[in-house]
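Chemist: Next comes upload_17.cif, mmCIF, C-alpha atoms, pLDDT in the B column; chains and numbers go by the auth columns:
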data_protein
#
loop_
_atom_site.group_PDB
_atom_site.id
_atom_site.type_symbol
_atom_site.label_atom_id
_atom_site.label_comp_id
_atom_site.label_asym_id
_atom_site.label_seq_id
_atom_site.Cartn_x
_atom_site.Cartn_y
_atom_site.Cartn_z
_atom_site.B_iso_or_equiv
_atom_site.auth_seq_id
_atom_site.auth_asym_id
ATOM 1 C CA MET A 1 8.773 -12.907 -15.640 86.00 1 A
ATOM 2 C CA SER A 2 7.745 -9.252 -15.529 95.00 2 A
ATOM 3 C CA MET A 3 6.474 -7.502 -12.401 97.00 3 A
ATOM 4 C CA LEU A 4 2.946 -7.518 -13.800 95.00 4 A
ATOM 5 C CA GLU A 5 3.087 -11.241 -14.551 96.00 5 A
ATOM 6 C CA LYS A 6 4.365 -11.950 -11.051 96.00 6 A
ATOM 7 C CA VAL A 7 1.661 -9.893 -9.357 95.00 7 A
ATOM 8 C CA LYS A 8 -1.055 -11.519 -11.465 93.00 8 A
ATOM 9 C CA ASN A 9 0.087 -15.124 -11.298 93.00 9 A
ATOM 10 C CA ALA A 10 2.544 -15.806 -8.468 95.00 10 A
ATOM 11 C CA ASP A 11 1.827 -16.796 -4.878 93.00 11 A
ATOM 12 C CA GLY A 12 3.196 -14.970 -1.858 94.00 12 A
ATOM 13 C CA PHE A 13 2.480 -12.144 0.521 93.00 13 A
ATOM 14 C CA ILE A 14 3.278 -8.433 0.501 96.00 14 A
ATOM 15 C CA ALA A 15 5.738 -7.276 3.164 96.00 15 A
ATOM 16 C CA ALA A 16 5.035 -3.957 4.892 93.00 16 A
ATOM 17 C CA LEU A 17 8.280 -1.985 5.171 92.00 17 A
ATOM 18 C CA ASP A 18 6.559 1.391 5.133 87.00 18 A
ATOM 19 C CA GLN A 19 6.642 2.571 8.742 79.00 19 A
ATOM 20 C CA SER A 20 6.258 6.356 8.691 76.00 20 A
ATOM 21 C CA GLY A 21 7.886 8.906 10.962 71.00 21 A
ATOM 22 C CA GLY A 22 5.090 8.430 13.482 76.00 22 A
ATOM 23 C CA SER A 23 5.295 4.638 13.742 81.00 23 A
ATOM 24 C CA THR A 24 9.063 4.264 13.364 86.00 24 A
ATOM 25 C CA PRO A 25 10.009 4.760 17.051 88.00 25 A
ATOM 26 C CA LYS A 26 7.756 1.876 18.102 87.00 26 A
ATOM 27 C CA ALA A 27 9.134 -0.352 15.336 86.00 27 A
ATOM 28 C CA LEU A 28 12.714 0.454 16.352 89.00 28 A
ATOM 29 C CA SER A 29 11.909 -0.177 20.027 90.00 29 A
ATOM 30 C CA MET A 30 10.548 -3.617 19.172 88.00 30 A
ATOM 31 C CA TYR A 31 13.722 -4.191 17.170 88.00 31 A
ATOM 32 C CA GLY A 32 15.841 -3.313 20.220 90.00 32 A
ATOM 33 C CA ILE A 33 16.830 0.281 19.432 89.00 33 A
ATOM 34 C CA GLU A 34 15.684 2.827 22.025 89.00 34 A
ATOM 35 C CA GLU A 35 14.899 6.498 21.390 86.00 35 A
ATOM 36 C CA SER A 36 18.029 7.508 23.282 87.00 36 A
ATOM 37 C CA GLU A 37 20.066 6.206 20.322 88.00 37 A
ATOM 38 C CA TYR A 38 18.633 8.714 17.814 88.00 38 A
ATOM 39 C CA GLU A 39 16.581 11.900 17.488 88.00 39 A
ATOM 40 C CA VAL A 40 12.925 11.375 16.559 86.00 40 A
ATOM 41 C CA ASN A 41 11.977 12.448 13.016 83.00 41 A
ATOM 42 C CA THR A 42 15.535 13.319 12.053 87.00 42 A
ATOM 43 C CA VAL A 43 18.028 11.770 9.655 89.00 43 A
ATOM 44 C CA SER A 44 19.472 9.743 12.536 90.00 44 A
ATOM 45 C CA MET A 45 16.111 8.010 13.081 91.00 45 A
ATOM 46 C CA PHE A 46 15.647 7.218 9.404 90.00 46 A
ATOM 47 C CA ASP A 47 19.232 5.954 9.233 91.00 47 A
ATOM 48 C CA CYS A 48 18.388 3.487 11.991 92.00 48 A
ATOM 49 C CA ILE A 49 15.179 2.254 10.376 89.00 49 A
ATOM 50 C CA HIS A 50 16.898 1.885 7.010 93.00 50 A
ATOM 51 C CA LYS A 51 19.575 -0.306 8.600 92.00 51 A
ATOM 52 C CA MET A 52 16.793 -2.452 10.039 91.00 52 A
ATOM 53 C CA ARG A 53 15.022 -2.670 6.687 93.00 53 A
ATOM 54 C CA THR A 54 18.293 -3.425 4.899 96.00 54 A
ATOM 55 C CA ARG A 55 18.938 -6.335 7.254 95.00 55 A
ATOM 56 C CA ILE A 56 15.472 -7.663 6.437 95.00 56 A
ATOM 57 C CA MET A 57 15.788 -7.190 2.679 97.00 57 A
ATOM 58 C CA THR A 58 19.240 -8.772 2.448 97.00 58 A
ATOM 59 C CA SER A 59 18.277 -11.823 4.507 97.00 59 A
ATOM 60 C CA PRO A 60 18.359 -15.093 2.531 96.00 60 A
ATOM 61 C CA SER A 61 14.846 -15.790 3.864 95.00 61 A
ATOM 62 C CA PHE A 62 13.530 -12.594 2.266 97.00 62 A
ATOM 63 C CA GLY A 63 13.136 -13.733 -1.326 96.00 63 A
ATOM 64 C CA GLY A 64 10.746 -13.742 -4.233 96.00 64 A
ATOM 65 C CA ASP A 65 9.951 -17.414 -3.760 95.00 65 A
ATOM 66 C CA ARG A 66 7.717 -16.531 -0.825 95.00 66 A
ATOM 67 C CA ILE A 67 7.331 -12.752 -0.939 97.00 67 A
ATOM 68 C CA LEU A 68 5.309 -11.217 -3.764 97.00 68 A
ATOM 69 C CA GLY A 69 6.016 -7.563 -3.056 98.00 69 A
ATOM 70 C CA ALA A 70 7.236 -5.033 -0.516 98.00 70 A
ATOM 71 C CA ILE A 71 5.656 -1.696 0.404 97.00 71 A
ATOM 72 C CA LEU A 72 8.239 1.042 0.883 96.00 72 A
ATOM 73 C CA PHE A 73 8.233 4.383 2.685 91.00 73 A
ATOM 74 C CA GLN A 74 9.339 7.404 0.625 91.00 74 A
ATOM 75 C CA ASP A 75 12.614 7.750 2.546 89.00 75 A
ATOM 76 C CA THR A 76 13.466 4.111 1.844 92.00 76 A
ATOM 77 C CA LEU A 77 12.855 4.605 -1.870 92.00 77 A
ATOM 78 C CA ASN A 78 15.438 7.387 -1.876 91.00 78 A
ATOM 79 C CA ARG A 79 18.102 5.180 -0.275 95.00 79 A
ATOM 80 C CA GLU A 80 20.240 2.256 -1.445 96.00 80 A
ATOM 81 C CA VAL A 81 20.635 -1.377 -0.467 97.00 81 A
ATOM 82 C CA GLU A 82 24.022 -2.950 -1.229 96.00 82 A
ATOM 83 C CA GLY A 83 24.854 -0.155 -3.660 96.00 83 A
ATOM 84 C CA LYS A 84 21.569 -0.214 -5.598 96.00 84 A
ATOM 85 C CA PRO A 85 18.458 1.982 -5.305 96.00 85 A
ATOM 86 C CA THR A 86 16.091 0.111 -2.974 97.00 86 A
ATOM 87 C CA ALA A 87 13.336 -0.600 -5.517 97.00 87 A
ATOM 88 C CA LYS A 88 15.808 -1.867 -8.110 97.00 88 A
ATOM 89 C CA TYR A 89 17.551 -4.006 -5.509 98.00 89 A
ATOM 90 C CA LEU A 90 14.278 -5.658 -4.556 98.00 90 A
ATOM 91 C CA TRP A 91 13.395 -6.573 -8.115 98.00 91 A
ATOM 92 C CA GLU A 92 16.809 -7.244 -9.665 97.00 92 A
ATOM 93 C CA GLU A 93 18.309 -9.151 -6.741 97.00 93 A
ATOM 94 C CA LYS A 94 15.251 -10.622 -5.002 97.00 94 A
ATOM 95 C CA LYS A 95 12.481 -10.645 -7.631 98.00 95 A
ATOM 96 C CA ILE A 96 10.232 -8.878 -5.124 98.00 96 A
ATOM 97 C CA VAL A 97 7.856 -6.300 -6.627 98.00 97 A
ATOM 98 C CA PRO A 98 8.298 -2.809 -5.083 98.00 98 A
ATOM 99 C CA PHE A 99 5.327 -0.663 -4.046 98.00 99 A
ATOM 100 C CA LEU A 100 5.346 2.828 -2.539 98.00 100 A
ATOM 101 C CA LYS A 101 3.145 4.118 0.303 96.00 101 A
ATOM 102 C CA ILE A 102 1.816 7.433 -1.006 96.00 102 A
ATOM 103 C CA ASP A 103 -0.923 8.486 1.418 96.00 103 A
ATOM 104 C CA LYS A 104 -0.367 11.189 4.048 93.00 104 A
ATOM 105 C CA GLY A 105 -2.545 9.586 6.707 93.00 105 A
ATOM 106 C CA LEU A 106 -6.240 9.743 7.524 96.00 106 A
ATOM 107 C CA ALA A 107 -8.530 12.736 7.900 98.00 107 A
ATOM 108 C CA THR A 108 -10.796 13.188 10.906 98.00 108 A
ATOM 109 C CA GLU A 109 -13.749 10.783 10.916 98.00 109 A
ATOM 110 C CA GLU A 110 -16.885 12.057 9.183 98.00 110 A
ATOM 111 C CA ASN A 111 -19.984 10.085 8.184 98.00 111 A
ATOM 112 C CA GLY A 112 -18.545 6.989 9.823 98.00 112 A
ATOM 113 C CA VAL A 113 -15.363 6.943 7.705 98.00 113 A
ATOM 114 C CA GLN A 114 -11.903 8.447 7.397 98.00 114 A
ATOM 115 C CA VAL A 115 -10.905 9.470 3.910 98.00 115 A
ATOM 116 C CA MET A 116 -7.267 10.150 3.095 98.00 116 A
ATOM 117 C CA LYS A 117 -5.696 13.513 3.771 97.00 117 A
ATOM 118 C CA PRO A 118 -4.858 15.495 0.600 97.00 118 A
ATOM 119 C CA ILE A 119 -1.756 14.377 -1.307 97.00 119 A
ATOM 120 C CA PRO A 120 -0.563 17.649 -2.903 95.00 120 A
ATOM 121 C CA ASP A 121 2.618 16.182 -4.419 96.00 121 A
ATOM 122 C CA LEU A 122 0.922 13.048 -5.805 97.00 122 A
ATOM 123 C CA GLU A 123 1.943 13.450 -9.446 97.00 123 A
ATOM 124 C CA GLU A 124 5.529 14.352 -8.580 96.00 124 A
ATOM 125 C CA VAL A 125 5.907 11.447 -6.159 97.00 125 A
ATOM 126 C CA CYS A 126 4.398 8.947 -8.610 97.00 126 A
ATOM 127 C CA GLY A 127 6.565 10.178 -11.456 97.00 127 A
ATOM 128 C CA ALA A 128 9.703 9.787 -9.356 96.00 128 A
ATOM 129 C CA ALA A 129 8.583 6.353 -8.163 97.00 129 A
ATOM 130 C CA PHE A 130 8.062 5.140 -11.716 97.00 130 A
ATOM 131 C CA SER A 131 11.526 6.415 -12.686 96.00 131 A
ATOM 132 C CA ASN A 132 13.000 4.498 -9.736 95.00 132 A
ATOM 133 C CA GLY A 133 11.506 1.178 -10.803 97.00 133 A
ATOM 134 C CA VAL A 134 8.447 1.063 -8.540 98.00 134 A
ATOM 135 C CA PHE A 135 5.508 -1.020 -9.792 98.00 135 A
ATOM 136 C CA GLY A 136 2.598 0.258 -7.739 98.00 136 A
ATOM 137 C CA THR A 137 1.336 2.234 -4.781 98.00 137 A
ATOM 138 C CA LYS A 138 -0.420 1.711 -1.470 97.00 138 A
ATOM 139 C CA MET A 139 -2.940 4.075 0.132 97.00 139 A
ATOM 140 C CA ARG A 140 -5.395 3.364 2.951 97.00 140 A
ATOM 141 C CA SER A 141 -8.803 4.727 3.934 98.00 141 A
ATOM 142 C CA ASN A 142 -10.844 3.586 6.927 98.00 142 A
ATOM 143 C CA ILE A 143 -14.517 2.572 7.274 98.00 143 A
ATOM 144 C CA ASN A 144 -15.943 2.426 10.797 98.00 144 A
ATOM 145 C CA SER A 145 -19.691 2.175 10.201 98.00 145 A
ATOM 146 C CA ALA A 146 -22.228 1.416 7.469 98.00 146 A
ATOM 147 C CA ASN A 147 -22.847 4.979 6.320 98.00 147 A
ATOM 148 C CA ALA A 148 -23.575 4.854 2.587 98.00 148 A
ATOM 149 C CA GLU A 149 -22.547 8.460 1.971 98.00 149 A
ATOM 150 C CA GLY A 150 -19.281 8.011 3.829 98.00 150 A
ATOM 151 C CA ILE A 151 -18.371 4.723 2.128 98.00 151 A
ATOM 152 C CA LYS A 152 -19.127 6.236 -1.264 98.00 152 A
ATOM 153 C CA ALA A 153 -16.766 9.117 -0.465 98.00 153 A
ATOM 154 C CA VAL A 154 -14.014 6.686 0.562 98.00 154 A
ATOM 155 C CA VAL A 155 -14.234 4.577 -2.587 98.00 155 A
ATOM 156 C CA SER A 156 -14.646 7.563 -4.909 98.00 156 A
ATOM 157 C CA GLN A 157 -11.497 9.154 -3.480 98.00 157 A
ATOM 158 C CA GLN A 158 -9.530 5.901 -3.755 98.00 158 A
ATOM 159 C CA PHE A 159 -10.396 5.541 -7.433 98.00 159 A
ATOM 160 C CA GLU A 160 -9.934 9.247 -8.199 98.00 160 A
ATOM 161 C CA VAL A 161 -6.418 9.157 -6.763 98.00 161 A
ATOM 162 C CA GLY A 162 -5.893 5.752 -8.355 98.00 162 A
ATOM 163 C CA LYS A 163 -6.535 7.130 -11.840 98.00 163 A
ATOM 164 C CA VAL A 164 -3.841 9.767 -11.327 98.00 164 A
ATOM 165 C CA ILE A 165 -1.460 7.038 -10.200 98.00 165 A
ATOM 166 C CA ILE A 166 -2.276 4.961 -13.284 98.00 166 A
ATOM 167 C CA SER A 167 -1.582 7.967 -15.526 98.00 167 A
ATOM 168 C CA LYS A 168 1.963 7.974 -14.132 98.00 168 A
ATOM 169 C CA GLY A 169 2.562 4.360 -15.142 98.00 169 A
ATOM 170 C CA LEU A 170 1.941 2.724 -11.768 98.00 170 A
ATOM 171 C CA VAL A 171 -0.660 0.240 -10.504 98.00 171 A
ATOM 172 C CA PRO A 172 -2.554 1.429 -7.404 98.00 172 A
ATOM 173 C CA ILE A 173 -3.590 -0.835 -4.565 98.00 173 A
ATOM 174 C CA ILE A 174 -7.119 0.278 -3.705 98.00 174 A
ATOM 175 C CA GLU A 175 -7.483 -0.122 0.071 98.00 175 A
ATOM 176 C CA PRO A 176 -10.787 0.920 1.660 98.00 176 A
ATOM 177 C CA GLU A 177 -10.250 -0.888 4.950 98.00 177 A
ATOM 178 C CA VAL A 178 -13.271 -1.934 7.020 98.00 178 A
ATOM 179 C CA ASN A 179 -12.715 -1.780 10.774 98.00 179 A
ATOM 180 C CA ILE A 180 -12.796 -5.414 11.932 97.00 180 A
ATOM 181 C CA ASN A 181 -14.469 -4.261 15.153 96.00 181 A
ATOM 182 C CA ALA A 182 -17.293 -2.401 13.408 97.00 182 A
ATOM 183 C CA LYS A 183 -20.627 -3.477 14.891 96.00 183 A
ATOM 184 C CA ASP A 184 -22.224 -3.414 11.438 97.00 184 A
ATOM 185 C CA LYS A 185 -19.239 -4.872 9.571 98.00 185 A
ATOM 186 C CA GLY A 186 -21.413 -6.993 7.270 97.00 186 A
ATOM 187 C CA GLU A 187 -23.470 -3.972 6.245 98.00 187 A
ATOM 188 C CA CYS A 188 -20.275 -2.000 5.631 98.00 188 A
ATOM 189 C CA GLU A 189 -19.076 -4.758 3.324 98.00 189 A
ATOM 190 C CA ALA A 190 -22.317 -4.871 1.364 98.00 190 A
ATOM 191 C CA ILE A 191 -22.192 -1.128 0.645 98.00 191 A
ATOM 192 C CA LEU A 192 -18.453 -1.247 -0.043 98.00 192 A
ATOM 193 C CA LYS A 193 -18.734 -4.100 -2.527 98.00 193 A
ATOM 194 C CA GLN A 194 -21.298 -2.262 -4.626 98.00 194 A
ATOM 195 C CA GLU A 195 -19.272 0.945 -4.595 98.00 195 A
ATOM 196 C CA ILE A 196 -16.129 -0.922 -5.671 98.00 196 A
ATOM 197 C CA LEU A 197 -17.946 -2.620 -8.546 98.00 197 A
ATOM 198 C CA THR A 198 -19.475 0.694 -9.650 98.00 198 A
ATOM 199 C CA ASN A 199 -16.067 2.348 -9.731 98.00 199 A
ATOM 200 C CA LEU A 200 -14.341 -0.591 -11.406 98.00 200 A
ATOM 201 C CA ASP A 201 -16.822 -0.216 -14.252 98.00 201 A
ATOM 202 C CA THR A 202 -15.581 3.358 -14.843 97.00 202 A
ATOM 203 C CA LEU A 203 -12.062 2.159 -15.684 98.00 203 A
ATOM 204 C CA SER A 204 -10.920 1.796 -19.274 97.00 204 A
ATOM 205 C CA GLU A 205 -9.208 -1.325 -20.621 96.00 205 A
ATOM 206 C CA SER A 206 -5.809 0.271 -19.982 95.00 206 A
ATOM 207 C CA GLN A 207 -6.586 1.129 -16.354 98.00 207 A
ATOM 208 C CA ASN A 208 -5.951 -1.715 -13.921 97.00 208 A
ATOM 209 C CA VAL A 209 -5.912 -1.784 -10.124 98.00 209 A
ATOM 210 C CA MET A 210 -5.220 -4.137 -7.244 98.00 210 A
ATOM 211 C CA LEU A 211 -7.561 -4.562 -4.278 98.00 211 A
ATOM 212 C CA LYS A 212 -6.565 -4.899 -0.626 97.00 212 A
ATOM 213 C CA LEU A 213 -9.689 -5.626 1.403 97.00 213 A
ATOM 214 C CA THR A 214 -10.410 -6.569 4.991 97.00 214 A
ATOM 215 C CA LEU A 215 -11.290 -10.257 5.310 96.00 215 A
ATOM 216 C CA PRO A 216 -15.095 -10.340 4.840 97.00 216 A
ATOM 217 C CA SER A 217 -17.637 -11.833 7.208 95.00 217 A
ATOM 218 C CA SER A 218 -18.794 -14.266 4.487 95.00 218 A
ATOM 219 C CA ASP A 219 -16.545 -16.541 2.407 95.00 219 A
ATOM 220 C CA ASN A 220 -15.888 -15.367 -1.172 96.00 220 A
ATOM 221 C CA PHE A 221 -17.914 -12.212 -0.564 98.00 221 A
ATOM 222 C CA TYR A 222 -15.663 -10.100 -2.787 98.00 222 A
ATOM 223 C CA LYS A 223 -15.176 -12.739 -5.505 97.00 223 A
ATOM 224 C CA GLU A 224 -17.134 -10.651 -8.013 98.00 224 A
ATOM 225 C CA CYS A 225 -14.723 -7.790 -7.406 98.00 225 A
ATOM 226 C CA CYS A 226 -11.670 -10.053 -7.712 96.00 226 A
ATOM 227 C CA ASP A 227 -12.965 -11.504 -10.975 97.00 227 A
ATOM 228 C CA HIS A 228 -13.532 -8.072 -12.543 98.00 228 A
ATOM 229 C CA PRO A 229 -11.372 -7.644 -15.690 97.00 229 A
ATOM 230 C CA ARG A 230 -9.806 -4.423 -14.329 97.00 230 A
ATOM 231 C CA VAL A 231 -8.429 -6.168 -11.241 96.00 231 A
#
Here is the file; what I need is its structure written in the form of structure tokens.
Modeler:
Amino acid sequence: MSMLEKVKNADGFIAALDQSGGSTPKALSMYGIEESEYEVNTVSMFDCIHKMRTRIMTSPSFGGDRILGAILFQDTLNREVEGKPTAKYLWEEKKIVPFLKIDKGLATEENGVQVMKPIPDLEEVCGAAFSNGVFGTKMRSNINSANAEGIKAVVSQQFEVGKVIISKGLVPIIEPEVNINAKDKGECEAILKQEILTNLDTLSESQNVMLKLTLPSSDNFYKECCDHPRV
């Protein structure tokens, strides 16, 4: 089974192993490693988090029979697990599809949304990821209120970046997250759905994406999006 076949047809969930420099100290603290044992945002910190991730990835319970894919942080991609590059280890030893987190965080809220910060090294990062055996990418935007102009900007940016990612041989996960606490969540979803469908229709037959969407307020609300031939 190829990575594409697994993503399209297999069951399972996607594991998030992509804690960034900002969220790593909290993750390590919950794991039992205090900040006194390393220096924040230095090699020593990333060494610690990679040891934690390695323990997870090498666990017998962490296998392709229940886990569809794993999202990796850039530093993890550049490291090895049991003598193999991380992405290759995941697929060759575990049959878990590797994805790479490529966004640089969220911009300041405007028009009720937060688009992604610029990704100046996008093409370089995607090219290296493809060479290292990565299947796809993950990038998140945030929607806080039902502002049509803002939601359009979020989705347009996701697909614009997504097309660059596709050109480098990877499959992007389109993730325009709706804040679950938004007072007008249902209205956000209605605008978002239409924008997603509009942008899906701009893709050619060779351009495919994945969707990661906040659970909607109504059952099967995004079914039309999921059934689109480009998804």
Chemist: Using only C-alpha atoms, which of A:Lys6, A:His50, A:Lys152, A:Lys138 sits nearest A:Glu189?
Modeler: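 Nearest candidate to A:Glu189 out of A:Lys6, A:His50, A:Lys152, A:Lys138: A:Lys152.
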Chemist: Could you pull out every residue with an atom within 12 Å of (11.3, -9.6, -1.0), file coordinates, counting all atoms listed in the file, and send them as a PyMOL selection string?
Modeler: chain A and resi 12-17+53-72+86-99
Chemist: Store the residues picked out above in a file with C-alpha atoms, as a CSV table (one decimal), in the frame of the given file.
Modeler:
chain,number,residue,atom,x,y,z
A,12,GLY,CA,3.2,-15.0,-1.9
A,13,PHE,CA,2.5,-12.1,0.5
A,14,ILE,CA,3.3,-8.4,0.5
A,15,ALA,CA,5.7,-7.3,3.2
A,16,ALA,CA,5.0,-4.0,4.9
A,17,LEU,CA,8.3,-2.0,5.2
A,53,ARG,CA,15.0,-2.7,6.7
A,54,THR,CA,18.3,-3.4,4.9
A,55,ARG,CA,18.9,-6.3,7.3
A,56,ILE,CA,15.5,-7.7,6.4
A,57,MET,CA,15.8,-7.2,2.7
A,58,THR,CA,19.2,-8.8,2.4
A,59,SER,CA,18.3,-11.8,4.5
A,60,PRO,CA,18.4,-15.1,2.5
A,61,SER,CA,14.8,-15.8,3.9
A,62,PHE,CA,13.5,-12.6,2.3
A,63,GLY,CA,13.1,-13.7,-1.3
A,64,GLY,CA,10.7,-13.7,-4.2
A,65,ASP,CA,10.0,-17.4,-3.8
A,66,ARG,CA,7.7,-16.5,-0.8
A,67,ILE,CA,7.3,-12.8,-0.9
A,68,LEU,CA,5.3,-11.2,-3.8
A,69,GLY,CA,6.0,-7.6,-3.1
A,70,ALA,CA,7.2,-5.0,-0.5
A,71,ILE,CA,5.7,-1.7,0.4
A,72,LEU,CA,8.2,1.0,0.9
A,86,THR,CA,16.1,0.1,-3.0
A,87,ALA,CA,13.3,-0.6,-5.5
A,88,LYS,CA,15.8,-1.9,-8.1
A,89,TYR,CA,17.6,-4.0,-5.5
A,90,LEU,CA,14.3,-5.7,-4.6
A,91,TRP,CA,13.4,-6.6,-8.1
A,92,GLU,CA,16.8,-7.2,-9.7
A,93,GLU,CA,18.3,-9.2,-6.7
A,94,LYS,CA,15.3,-10.6,-5.0
A,95,LYS,CA,12.5,-10.6,-7.6
A,96,ILE,CA,10.2,-8.9,-5.1
A,97,VAL,CA,7.9,-6.3,-6.6
A,98,PRO,CA,8.3,-2.8,-5.1
A,99,PHE,CA,5.3,-0.7,-4.0
Chemist: Give me, as a list in words, all polymer residues having an atom no more than 9 Å from A:Leu192, counting all atoms listed in the file and skipping those fewer than 5 positions away in the same chain.
Modeler: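 My list of contacting residues is Ala146, Ala148, Ile151, Lys152, Val155, Pro176, Val178, Glu187 and Leu197 of chain A.
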Chemist: Exactly which residues make up the result of the PyMOL selection byres ((chain A and resi 163) around 12) on this file, given as an NGL selection string?
Modeler: :A and (122-123 or 126 or 137 or 156-162 or 164-174 or 199-200 or 202-204 or 206-209)
Chemist: Enter the distance from atom CA of A:Asn179 to atom CA of A:Ile143, in Å, rounded to one decimal.
Modeler: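 According to the coordinates, atom CA of A:Asn179 and atom CA of A:Ile143 are separated by 5.9 Å.
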Chemist: What is the distance between atom CA of A:Asp18 and atom CA of A:Lys101, in Å to one decimal?
Modeler: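 Going from atom CA of A:Asp18 over to atom CA of A:Lys101 covers 6.5 Å.
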Chemist: Would you write out, as a list of chain:residue names, every residue that the PyMOL selection byres ((chain A and resi 140) around 6) captures in this file?
Modeler: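 On the file shown, the PyMOL selection byres ((chain A and resi 140) around 6) covers A:Met139, A:Ser141, A:Glu175.
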Chemist: Go ahead and write the residues just picked, C-alpha atoms, as a short mmCIF file (atom, residue, chain, number, x, y, z; two decimals), keeping the file's coordinate frame.
Modeler:
data_model
loop_
_atom_site.label_atom_id
_atom_site.label_comp_id
_atom_site.auth_asym_id
_atom_site.auth_seq_id
_atom_site.Cartn_x
_atom_site.Cartn_y
_atom_site.Cartn_z
CA MET A 139 -2.94 4.08 0.13
CA SER A 141 -8.80 4.73 3.93
CA GLU A 175 -7.48 -0.12 0.07
#
Chemist: Apply the PyMOL selection byres ((chain A and resi 221) around 12) to the file shown and report the selected residues as a list in words.
Modeler: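 Selected by the PyMOL selection byres ((chain A and resi 221) around 12) in this file: Gly186, Glu189, Ala190, Ile191, Leu192, Lys193, Gln194, Leu213, Thr214, Leu215, Pro216, Ser217, Ser218, Asp219, Asn220, Tyr222, Lys223, Glu224, Cys225, Cys226 and Asp227 of chain A.
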Chemist: Which is closer to A:Lys51 than all the others in A:Glu110, A:Ser131, A:Leu28, A:Pro229, using all atoms listed in the file?
Modeler: A:Leu28
Chemist: Take the structure in the block and write a file for stretch 92-104 of chain A, C-alpha atoms, as a short mmCIF file (atom, residue, chain, number, x, y, z; two decimals), in the first residue's frame.
Modeler:
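What ended up in out-v1.cif:
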data_model
loop_
_atom_site.label_atom_id
_atom_site.label_comp_id
_atom_site.auth_asym_id
_atom_site.auth_seq_id
_atom_site.Cartn_x
_atom_site.Cartn_y
_atom_site.Cartn_z
CA GLU A 92 9.26 2.02 6.52
CA GLU A 93 9.08 0.67 10.07
CA LYS A 94 5.60 1.72 11.23
CA LYS A 95 3.60 2.35 8.03
CA ILE A 96 2.61 5.74 9.44
CA VAL A 97 2.36 8.54 6.87
CA PRO A 98 4.64 11.52 7.70
CA PHE A 99 3.43 15.13 7.46
CA LEU A 100 5.37 18.32 8.15
CA LYS A 101 4.11 21.43 9.99
CA ILE A 102 5.11 24.30 7.71
CA ASP A 103 3.32 27.38 9.07
CA LYS A 104 5.13 30.03 11.12
#
